[in-house]
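Here's the structure we're looking at; comments come further down.
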Amino acid sequence: MQRVQRGTVAVAFATGLWLTSGVHAGDVRGSVRASDEAKLKTIEGVRAPYWQEWNGFIDPKKPAIDYAREVAAVLIGPAPTRDATTVSLRDGTLSPSTIVAQHGLPLRIRNDDDFTHELYVEGLKGFDAVETSPGQTRTIQLEQTGVFVVRDKLAPHVHGTLHVVAKLTHVVSPSHDGTFTFKDVPPGKYQLKLYRGATESGASELEVTSSREVTLDPMTIAADKAGK
């Protein structure tokens with residue numbers, strides 16, 4: 001598997017807590033930034049994609065990290081989620097491409113593209129290459145934990161990383177500016193993790209209460225080790 005170095009992602013978290021209609025739960029807010037974003041380069045010896053080259057009409061688009069697609073923020077706490085995970089195929093890509101899902105629950109893949117996809121995962125039972133036409137949703141029951149590479153038999157450029165974990169309370173994808181919010185988090189002790197491709201950061205301990213605001217020290221996540 002080809003390993004692509006993409007630098008590090010630094011993360012700062014701030015937690016704001018509010019009381020809601022007698023329910024002691026709060027919103028956990030955070031932000032992600034990429035320290036290497038201005039330095040991203042294409043692999044040596046490979047021509048830059050057309051959107052990074054001057055075409056005589058518009059300025060080339062600078063390389064950037066797509067936080068909403070590449071990064072997942074996760075809270076692990078006392079109660080595991082009961083919600084299925086849903087991802088989308090749109091604009092010829094998988095969104096998000098970093099998927100974190102609860103073991104034992106379904107993964108739903110919705111095809112919002114105008115053409116058929118055939119996603120599969122080697123080594124994950126029940127995730128064989130099955131045609132999914134535009135507008136259709138496919139469901140896979142996740143009965144194995146681990147880290148898996150998601151590929152498309154009909155479109156080799158489509159790829160993603162699936163983390164199936166034993167315990168998961170909340171998972172969110174950041175906005176395009178790197179900010180994210182966990183909504184209505186009940187009081188308790190949590191671990192906060194970041195995922196980018198195949199890479200998982202170390203856990204940061206977080207205690208949510210209904211009476212004070214919590215600010216966590218910045219976290220960092222290593223380069224995406226996943227190959228395409």
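Residues in the structure tokens are numbered from 1 in each chain, the chains being A, B, ... in the order shown, and ligands are numbered from 1 in the order shown.
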For stretch 123-139 of chain A, please output as JSON, numbers by chain all residues within 7 Å (counting only C-alpha atoms; exclusion window: fewer than 3 positions along the same chain).
{"A": [106, 107, 108, 109, 110, 111, 112, 113, 114, 115, 116, 117, 118, 119, 120, 144, 153]}
Taking the chain letters and numbering used in this document, name the residues of stretch 56-222 of chain A that DSSP puts in helix (DSSP H, G or I), as JSON, numbers by chain.
{"A": [67, 68, 69, 70]}
For the residues in the current selection, export C-alpha atoms as an mmCIF file, in the first residue's frame.
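Ended up saving to out-v8.cif:
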```cif
data_model
loop_
_atom_site.group_PDB
_atom_site.id
_atom_site.type_symbol
_atom_site.label_atom_id
_atom_site.label_comp_id
_atom_site.auth_asym_id
_atom_site.auth_seq_id
_atom_site.Cartn_x
_atom_site.Cartn_y
_atom_site.Cartn_z
ATOM 1 C CA TYR A 67 -11.904 19.009 6.808
ATOM 2 C CA ALA A 68 -15.539 18.056 6.257
ATOM 3 C CA ARG A 69 -14.556 15.016 4.211
ATOM 4 C CA GLU A 70 -11.198 13.924 5.650
#
```
Write out as a PyMOL selection string which residues come within 8 Å of A:Arg196 when counting only C-alpha atoms, dropping same-chain ones fewer than 2 positions away.
chain A and resi 70-72+98+194+198-200+221+223-224
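For A:Val149, the non-local neighbours within 10 Å, defined as residues at least 2 positions apart in the same chain or in other chains and counting only C-alpha atoms, are Ser97, Thr98, Tyr120, Val121, Glu122, Gly123, Leu124, Val147, Arg151, His159, Gly160, Thr161, Leu162, His163, Gly197, Ala198, Ala226, Gly227 and Lys228 of chain A.
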Contact residues around A:Thr81 with only C-alpha atoms at 6 Å, ignoring same-chain residues under 2 positions, as a short mmCIF file (atom, residue, chain, number, x, y, z; two decimals) with N, CA and C atoms, in the first residue's frame:
```
data_model
loop_
_atom_site.label_atom_id
_atom_site.label_comp_id
_atom_site.auth_asym_id
_atom_site.auth_seq_id
_atom_site.Cartn_x
_atom_site.Cartn_y
_atom_site.Cartn_z
N ASP A 83 -27.51 5.09 16.98
CA ASP A 83 -27.82 5.60 15.66
C ASP A 83 -26.96 4.95 14.59
N LEU A 168 -18.89 3.98 20.89
CA LEU A 168 -18.94 5.30 20.25
C LEU A 168 -20.16 6.03 20.77
N THR A 169 -19.96 7.27 21.25
CA THR A 169 -21.07 8.05 21.77
C THR A 169 -21.54 9.11 20.77
#
```
